[in-house]
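Structure first, then comments.
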Amino acid sequence: MDPRIEALQRRAAATPGLINLGGGLPAEVQFPKRALARAFLKALGRQGAPALQYGWAEGSLELRRWVAERLHARGASVAPDDIIITSGAQQAIALGLELVCRPGDLVGVDAATYPAALELIAERHLRAVPRWRDVGARYVMPALGNPSGRELSREDRRAVCEGKAAILEDDAYADLRFEGPAPRPLLADLRTRVLHVGTLSKTLCPGLRIGWLVVPPRLRARALRLKASQDLQASSLAQSVACEYLLGGEDFEARLVRLRRFYRARAHKLLRVLRTHLPDWSFSEPEGGFAVWAHPPSSSGNIPDEVHFLTAALAEGVSFDPGSSFRPDRAATPLALRLCFSAAPSASFEEGAVRLARAWRRVNGRRRRDEGRRRRPRSSAERAAA
Ligand SMILES: Cc1ncc(COP(=O)(O)O)c(C=O)c1O
């Protein structure tokens, strides 16, 4: 990430009163604190204290069974032994890249994609490219994209599946589609070359750092060695708490229904106020997830630099995620913003949109004035002075 943007975002996160429409965090009000506290006590009370002991690299069998059953329900026949519990989806993506890529490989990604996956790709001396053909591997979010909030189009889905390249399927938001069930994962039909990534971060809480990686059987032994070499295993305590929560009488499906309703209402509200205050902008219509992907009008001519715009937005008391972080080539144009409806209180959305519109007018107005000044014919007095 551009260090200037990171500095601005860190400042934003620490500024009281700022309306943060960036970050992509889940809503704190949806963390089931009491139920997790009960699960924690139960986990600690188990005989042999597995929550406090070392475990195997693949992680808890109970948790892997739970993941396998849920994938089965979506058409993917995987066994618990095909699954490795990881420290969040982030580690699953890192392991997946390590398993299927060699330094220098091209990794096909969406034109706008998850920034931390792009960072991982770059750190491993791989190169992310916005296409699906002629690449060594593909990283994709078919069920629901971040930042688009949309399911992968049918044409893209077909293109992603073509050929023989390994596919890293990031399913992080699949359970948070507003309408209808999560689509059939690519894993269901391409078992031998899909590495499937899941997480509890979006639907339970990111603090537990519980994710998973489903690998083709031929990669299992190596995946386990890699996992063990990195951190031995995912946290026993976190896995035990998650197991007690998921298998101990909490109705997770009912929770998902509530979460989808909650985030859908927020998405609608944010979109409504954005359209009111920035009527000439375009916004993705999210089908789920946490965010709206926004573009100022392309007819705005010489659109302001995103760092300049973010600085102006912070001065107005609102923050967003600038588009360059989501692009494989880090291009800052065309200007785009990820605006999250997930974490900021929905009562602040209208004021957030007002502040954003004010910042936009400020940078745009100043630019127009500067341009006007440059274009304005000079008076005879000015010519004489020059
Ligand atoms: C698309 C996507 N994949 C993976 C992750 C990482 O999730 P985790 O917290 O499970 O590491 C995120 C987090 O924002 C994400 O948006």
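The chains in the structure tokens are called A, B, ... from first to last as shown; in each chain the residues are counted from 1, and the ligands are counted from 1 in the order shown.
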Item to check | Shell of 10 Å around segment 359-362 of chain A, only C-alpha atoms, local chain residues under 6 positions omitted, as a VMD selection string | outcome: chain A and resid 278 296 304 308 to 318 353 368
The selected residues should be written to file as a PDB file, in the first residue's frame (atoms: N, CA, C and O atoms).
```pdb
ATOM      1  N   LEU A 278     -24.349  12.508  -3.633  1.00  0.00           N
ATOM      2  CA  LEU A 278     -23.382  12.447  -4.742  1.00  0.00           C
ATOM      3  C   LEU A 278     -24.124  11.906  -5.968  1.00  0.00           C
ATOM      4  O   LEU A 278     -23.841  10.800  -6.457  1.00  0.00           O
ATOM      5  N   PRO A 296     -16.479   8.336  -8.943  1.00  0.00           N
ATOM      6  CA  PRO A 296     -16.963   9.667  -9.313  1.00  0.00           C
ATOM      7  C   PRO A 296     -17.214   9.698 -10.820  1.00  0.00           C
ATOM      8  O   PRO A 296     -16.712   8.829 -11.536  1.00  0.00           O
ATOM      9  N   PRO A 304      -9.268  14.617  -9.359  1.00  0.00           N
ATOM     10  CA  PRO A 304      -8.182  14.857  -8.411  1.00  0.00           C
ATOM     11  C   PRO A 304      -7.485  13.574  -7.984  1.00  0.00           C
ATOM     12  O   PRO A 304      -8.066  12.494  -7.991  1.00  0.00           O
ATOM     13  N   HIS A 308      -4.876  13.315  -2.412  1.00  0.00           N
ATOM     14  CA  HIS A 308      -5.381  14.671  -2.218  1.00  0.00           C
ATOM     15  C   HIS A 308      -6.847  14.616  -1.746  1.00  0.00           C
ATOM     16  O   HIS A 308      -7.256  15.300  -0.808  1.00  0.00           O
ATOM     17  N   PHE A 309      -7.618  13.743  -2.404  1.00  0.00           N
ATOM     18  CA  PHE A 309      -9.033  13.626  -2.049  1.00  0.00           C
ATOM     19  C   PHE A 309      -9.199  13.033  -0.649  1.00  0.00           C
ATOM     20  O   PHE A 309     -10.000  13.509   0.163  1.00  0.00           O
ATOM     21  N   LEU A 310      -8.387  11.996  -0.327  1.00  0.00           N
ATOM     22  CA  LEU A 310      -8.483  11.388   1.006  1.00  0.00           C
ATOM     23  C   LEU A 310      -8.097  12.413   2.082  1.00  0.00           C
ATOM     24  O   LEU A 310      -8.736  12.507   3.132  1.00  0.00           O
ATOM     25  N   THR A 311      -7.087  13.203   1.797  1.00  0.00           N
ATOM     26  CA  THR A 311      -6.672  14.238   2.756  1.00  0.00           C
ATOM     27  C   THR A 311      -7.831  15.226   2.988  1.00  0.00           C
ATOM     28  O   THR A 311      -8.133  15.602   4.130  1.00  0.00           O
ATOM     29  N   ALA A 312      -8.478  15.620   1.890  1.00  0.00           N
ATOM     30  CA  ALA A 312      -9.607  16.559   2.009  1.00  0.00           C
ATOM     31  C   ALA A 312     -10.757  15.913   2.776  1.00  0.00           C
ATOM     32  O   ALA A 312     -11.411  16.555   3.615  1.00  0.00           O
ATOM     33  N   ALA A 313     -10.996  14.615   2.521  1.00  0.00           N
ATOM     34  CA  ALA A 313     -12.088  13.913   3.211  1.00  0.00           C
ATOM     35  C   ALA A 313     -11.800  13.853   4.716  1.00  0.00           C
ATOM     36  O   ALA A 313     -12.689  14.099   5.544  1.00  0.00           O
ATOM     37  N   LEU A 314     -10.549  13.554   5.064  1.00  0.00           N
ATOM     38  CA  LEU A 314     -10.189  13.491   6.492  1.00  0.00           C
ATOM     39  C   LEU A 314     -10.371  14.858   7.147  1.00  0.00           C
ATOM     40  O   LEU A 314     -10.823  14.955   8.291  1.00  0.00           O
ATOM     41  N   ALA A 315     -10.045  15.900   6.408  1.00  0.00           N
ATOM     42  CA  ALA A 315     -10.219  17.252   6.964  1.00  0.00           C
ATOM     43  C   ALA A 315     -11.704  17.530   7.212  1.00  0.00           C
ATOM     44  O   ALA A 315     -12.067  18.263   8.134  1.00  0.00           O
ATOM     45  N   GLU A 316     -12.563  16.905   6.407  1.00  0.00           N
ATOM     46  CA  GLU A 316     -14.020  17.079   6.600  1.00  0.00           C
ATOM     47  C   GLU A 316     -14.565  16.123   7.661  1.00  0.00           C
ATOM     48  O   GLU A 316     -15.727  16.203   8.046  1.00  0.00           O
ATOM     49  N   GLY A 317     -13.756  15.120   8.055  1.00  0.00           N
ATOM     50  CA  GLY A 317     -14.194  14.190   9.103  1.00  0.00           C
ATOM     51  C   GLY A 317     -14.811  12.908   8.576  1.00  0.00           C
ATOM     52  O   GLY A 317     -15.700  12.324   9.205  1.00  0.00           O
ATOM     53  N   VAL A 318     -14.346  12.445   7.411  1.00  0.00           N
ATOM     54  CA  VAL A 318     -14.848  11.168   6.883  1.00  0.00           C
ATOM     55  C   VAL A 318     -13.678  10.447   6.211  1.00  0.00           C
ATOM     56  O   VAL A 318     -12.757  11.091   5.712  1.00  0.00           O
ATOM     57  N   ALA A 353     -21.980  10.892   4.176  1.00  0.00           N
ATOM     58  CA  ALA A 353     -22.164  11.217   2.756  1.00  0.00           C
ATOM     59  C   ALA A 353     -22.076  12.725   2.543  1.00  0.00           C
ATOM     60  O   ALA A 353     -21.491  13.186   1.547  1.00  0.00           O
ATOM     61  N   ARG A 368     -11.244  23.132 -10.488  1.00  0.00           N
ATOM     62  CA  ARG A 368     -11.896  23.870 -11.571  1.00  0.00           C
ATOM     63  C   ARG A 368     -11.440  25.335 -11.581  1.00  0.00           C
ATOM     64  O   ARG A 368     -11.202  25.910 -12.622  1.00  0.00           O
TER      65      ARG A 368
END
```
Item to check | segment 80-314 of chain A: residues DSSP assigns to helix (DSSP H, G or I), reported as a PyMOL selection string | outcome: chain A and resi 80-82+88-100+115-123+154-161+174-176+186-188+206-208+217-231+236-247+252-277+298-300+306-314
Checklist entry - Which chains and residue numbers are within 7 Å of ligand 1, counting only C-alpha atoms and all ligand atoms, if I want them as a ChimeraX atom specification? => result /A:24,87-91,114,141,145-146,170,172-173,199-201,206,209-211
Checklist entry - Got a sec to tell me which of segment 118-326 of chain A DSSP assigns to strand (DSSP E), as a ChimeraX atom specification? => result /A:127-129,137-140,166-170,194-199,210-214,282-283,291-295,318-319,321-322
Next on the checklist: Considering only C-alpha atoms, can you say which of A:His125, A:Arg264, A:Lys227, A:Arg255 comes closest to Thr86 of chain A?
Outcome noted: A:Lys227
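Atom CA of Phe283 of chain A is found 15.8 Å from atom CA of Glu350 of chain A.
Counting only C-alpha atoms, Leu97 of chain A has the following residues at most 9 Å away, ignoring those fewer than 6 positions along the same chain: Leu120, Ile121, Arg124, Ala137, Tyr139 and Leu168 of chain A.
Within the 9 Å cut-off around Ile19 of chain A, using only C-alpha atoms and omitting residues fewer than 5 positions from it on the same chain, the listed residues are Ala12, Gly317, Val318, Ser319, Ala344, Pro345, Ser348, Phe349, Glu351, Gly352 and Arg355 of chain A.
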Checklist entry - Quick one: residues within 7 Å of segment 65-80 of chain A, only C-alpha atoms counted, chain neighbours fewer than 2 positions away excluded, as a PyMOL selection string? => result chain A and resi 61-63+82-83+184+187-188
Output N, CA, C and O atoms for every residue in that selection, as a compact mmCIF listing (two decimals), in the first residue's frame.
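And here's out-v1.txt as it stands now:
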```txt
# COMPACT_ATOMS: atom_id res chain seq x y z
N LEU A 61 -10.63 -31.72 14.76
CA LEU A 61 -11.45 -32.59 13.90
C LEU A 61 -12.91 -32.12 13.91
O LEU A 61 -13.59 -32.11 12.88
N GLU A 62 -13.39 -31.72 15.08
CA GLU A 62 -14.80 -31.26 15.16
C GLU A 62 -15.04 -30.07 14.23
O GLU A 62 -16.04 -30.00 13.52
N LEU A 63 -14.09 -29.15 14.25
CA LEU A 63 -14.24 -27.95 13.42
C LEU A 63 -14.16 -28.32 11.94
O LEU A 63 -14.91 -27.82 11.10
N ASP A 82 -9.42 -33.33 4.26
CA ASP A 82 -8.99 -32.44 3.18
C ASP A 82 -8.84 -31.00 3.67
O ASP A 82 -8.45 -30.11 2.91
N ILE A 83 -9.19 -30.77 4.92
CA ILE A 83 -9.28 -29.40 5.44
C ILE A 83 -8.18 -29.15 6.47
O ILE A 83 -7.90 -30.00 7.31
N ARG A 184 -22.83 -22.45 -5.66
CA ARG A 184 -21.98 -23.64 -5.66
C ARG A 184 -20.51 -23.21 -5.79
O ARG A 184 -20.16 -22.45 -6.71
N LEU A 187 -14.91 -25.29 -6.01
CA LEU A 187 -14.37 -26.52 -5.41
C LEU A 187 -15.23 -27.74 -5.75
O LEU A 187 -14.71 -28.85 -5.92
N ALA A 188 -16.54 -27.53 -5.87
CA ALA A 188 -17.45 -28.66 -6.08
C ALA A 188 -17.18 -29.34 -7.42
O ALA A 188 -17.39 -30.55 -7.55
```
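Restricting the calculation to only C-alpha atoms, the smallest distance between Ala112 of chain A and any of A:Ile5, A:Leu44, A:Val140, A:Ala94 is found for A:Val140.
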Item to check | Spatial neighbours of Pro181 of chain A, 12 Å, only C-alpha atoms, chain gap at least 2 places, as JSON, numbers by chain | outcome: {"A": [70, 73, 74, 143, 144, 151, 173, 174, 175, 176, 177, 178, 179, 183, 184, 185, 253, 256, 257, 260, 287, 288]}
